[in-house]
Amino acid sequence: MTTKECGNHGGGGGGGGTACRICGAIIGFIIIVLMTIFLVWIILQPKNPEFILQDTTVYAFNLSQPNLLTSKFQITIASRNRNSNIGIYYDHLHAYASYRNQQITLASDLPPTYQRHKENSVWSPLLYGNQVPIAPFNAVALGTSRIVGFSR
């Protein structure tokens, strides 16, 4: 008894057909995209901007019972774009004061801005918090720091 080959089931010696071509095309596309991303990164070498707190003026800093803090600061923040070919657009920037990882002032919105390469920007927001409740352990630490004469 002989078997007939219909030619539709790949008798073991043919090419991979359409599935292999599609798979090869997808892998080739992924390799090209990854190489493009790598080359752009190598050419531009992006760096994070540098932020520096230049000045702080304390107008109010009062701790009242039960663990309520009223504070008002004027700060000056400078930002430097260290990239030589890339500009940075700051869409949403917020500044606030914190004490031992607890926010003690409201977030102050800084204006949206575009910073060219190797450019410096300076902002001077007013930060304030009126009777902000703070954690009891932070109130104790703040009271101790004020007695000693410094804050961390």
# chains A, B, ... in the order shown; residues from 1 in each chain; ligands from 1
>>> residues_around(residues="segment 59-76 of chain A", least_positions_apart="4", cutoff="7 Å", atoms="only C-alpha atoms", output="VMD selection string")
chain A and resid 53 to 55 122 to 134 136 139
>>> write_last_selection(atoms="N, CA and C atoms", output="PDB file, in the first residue's frame")
ATOM      1  N   LEU A  53      19.636  73.866  45.660  1.00  0.00           N
ATOM      2  CA  LEU A  53      18.957  74.803  46.551  1.00  0.00           C
ATOM      3  C   LEU A  53      19.969  75.879  46.911  1.00  0.00           C
ATOM      4  N   GLN A  54      19.783  77.097  46.384  1.00  0.00           N
ATOM      5  CA  GLN A  54      20.773  78.152  46.559  1.00  0.00           C
ATOM      6  C   GLN A  54      20.558  78.972  47.818  1.00  0.00           C
ATOM      7  N   ASP A  55      19.301  79.220  48.172  1.00  0.00           N
ATOM      8  CA  ASP A  55      19.042  80.112  49.305  1.00  0.00           C
ATOM      9  C   ASP A  55      17.701  79.749  49.937  1.00  0.00           C
ATOM     10  N   VAL A 122      16.407  79.649  37.144  1.00  0.00           N
ATOM     11  CA  VAL A 122      16.294  79.943  38.575  1.00  0.00           C
ATOM     12  C   VAL A 122      14.832  80.224  38.896  1.00  0.00           C
ATOM     13  N   TRP A 123      14.340  79.629  39.985  1.00  0.00           N
ATOM     14  CA  TRP A 123      12.991  79.871  40.488  1.00  0.00           C
ATOM     15  C   TRP A 123      13.081  80.278  41.954  1.00  0.00           C
ATOM     16  N   SER A 124      12.132  81.125  42.400  1.00  0.00           N
ATOM     17  CA  SER A 124      12.080  81.542  43.807  1.00  0.00           C
ATOM     18  C   SER A 124      10.655  81.433  44.334  1.00  0.00           C
ATOM     19  N   PRO A 125      10.179  80.226  44.579  1.00  0.00           N
ATOM     20  CA  PRO A 125       8.809  80.076  45.072  1.00  0.00           C
ATOM     21  C   PRO A 125       8.706  80.361  46.571  1.00  0.00           C
ATOM     22  N   LEU A 126       7.511  80.718  46.983  1.00  0.00           N
ATOM     23  CA  LEU A 126       7.184  80.895  48.392  1.00  0.00           C
ATOM     24  C   LEU A 126       6.473  79.624  48.845  1.00  0.00           C
ATOM     25  N   LEU A 127       7.017  78.963  49.857  1.00  0.00           N
ATOM     26  CA  LEU A 127       6.436  77.728  50.387  1.00  0.00           C
ATOM     27  C   LEU A 127       5.821  78.032  51.741  1.00  0.00           C
ATOM     28  N   TYR A 128       4.594  77.587  51.941  1.00  0.00           N
ATOM     29  CA  TYR A 128       3.953  77.836  53.227  1.00  0.00           C
ATOM     30  C   TYR A 128       3.021  76.692  53.591  1.00  0.00           C
ATOM     31  N   GLY A 129       2.839  76.551  54.877  1.00  0.00           N
ATOM     32  CA  GLY A 129       1.897  75.582  55.417  1.00  0.00           C
ATOM     33  C   GLY A 129       1.294  76.176  56.678  1.00  0.00           C
ATOM     34  N   ASN A 130      -0.016  76.211  56.758  1.00  0.00           N
ATOM     35  CA  ASN A 130      -0.700  76.809  57.900  1.00  0.00           C
ATOM     36  C   ASN A 130      -1.326  75.707  58.748  1.00  0.00           C
ATOM     37  N   GLN A 131      -0.795  75.516  59.941  1.00  0.00           N
ATOM     38  CA  GLN A 131      -1.257  74.504  60.896  1.00  0.00           C
ATOM     39  C   GLN A 131      -1.350  73.123  60.234  1.00  0.00           C
ATOM     40  N   VAL A 132      -0.226  72.682  59.713  1.00  0.00           N
ATOM     41  CA  VAL A 132      -0.134  71.370  59.074  1.00  0.00           C
ATOM     42  C   VAL A 132       0.063  70.318  60.159  1.00  0.00           C
ATOM     43  N   PRO A 133      -0.806  69.313  60.232  1.00  0.00           N
ATOM     44  CA  PRO A 133      -0.605  68.260  61.229  1.00  0.00           C
ATOM     45  C   PRO A 133       0.615  67.413  60.864  1.00  0.00           C
ATOM     46  N   ILE A 134       1.464  67.183  61.849  1.00  0.00           N
ATOM     47  CA  ILE A 134       2.634  66.338  61.619  1.00  0.00           C
ATOM     48  C   ILE A 134       2.576  65.146  62.566  1.00  0.00           C
ATOM     49  N   PRO A 136       3.334  62.532  65.437  1.00  0.00           N
ATOM     50  CA  PRO A 136       3.807  62.796  66.802  1.00  0.00           C
ATOM     51  C   PRO A 136       5.310  62.578  66.970  1.00  0.00           C
ATOM     52  N   ALA A 139       7.042  65.547  65.644  1.00  0.00           N
ATOM     53  CA  ALA A 139       6.901  66.707  66.526  1.00  0.00           C
ATOM     54  C   ALA A 139       7.914  66.632  67.663  1.00  0.00           C
TER      55      ALA A 139
END
>>> residues_around(residues="Asp109 of chain A", least_positions_apart="4", cutoff="7 Å", atoms="only C-alpha atoms", output="list in words")
Leu93, His94 and Ala95 of chain A
>>> write_last_selection(atoms="N, CA and C atoms", output="JSON list (two decimals), in the first residue's frame")
[["chain", "number", "residue", "atom", "x", "y", "z"],
["A", 93, "LEU", "N", 6.32, 71.12, 37.45],
["A", 93, "LEU", "CA", 7.32, 71.15, 38.52],
["A", 93, "LEU", "C", 6.65, 71.63, 39.79],
["A", 94, "HIS", "N", 6.91, 70.95, 40.88],
["A", 94, "HIS", "CA", 6.34, 71.32, 42.17],
["A", 94, "HIS", "C", 7.47, 71.38, 43.19],
["A", 95, "ALA", "N", 7.38, 72.34, 44.10],
["A", 95, "ALA", "CA", 8.36, 72.44, 45.18],
["A", 95, "ALA", "C", 7.60, 72.47, 46.50]]
>>> select_by_dssp(residues="chain A", states="alpha helix (DSSP H)", output="PyMOL selection string")
chain A and resi 17-44+136-148
>>> atom_distance(atom1="atom CA of Glu119 of chain A", atom2="atom CA of Val40 of chain A")
21.8 Å
>>> atom_distance(atom1="atom CA of Met35 of chain A", atom2="atom CA of Ile88 of chain A")
24.0 Å
>>> residues_around(residues="Asn120 of chain A", least_positions_apart="4", cutoff="8 Å", atoms="only C-alpha atoms", output="list in words")
Ala78, Ser79, Arg80, Asn81 and Gln115 of chain A
>>> select_by_dssp(residues="segment 24-106 of chain A", states="strand (DSSP E or B)", output="count of residues only")
38
>>> atom_distance(atom1="atom CA of Ile26 of chain A", atom2="atom CA of Leu39 of chain A")
20.0 Å
>>> closest_residue(among="A:Ile86, A:Leu110, A:Ile77, A:Ile27", to="Ile43 of chain A", atoms="only C-alpha atoms")
A:Ile86
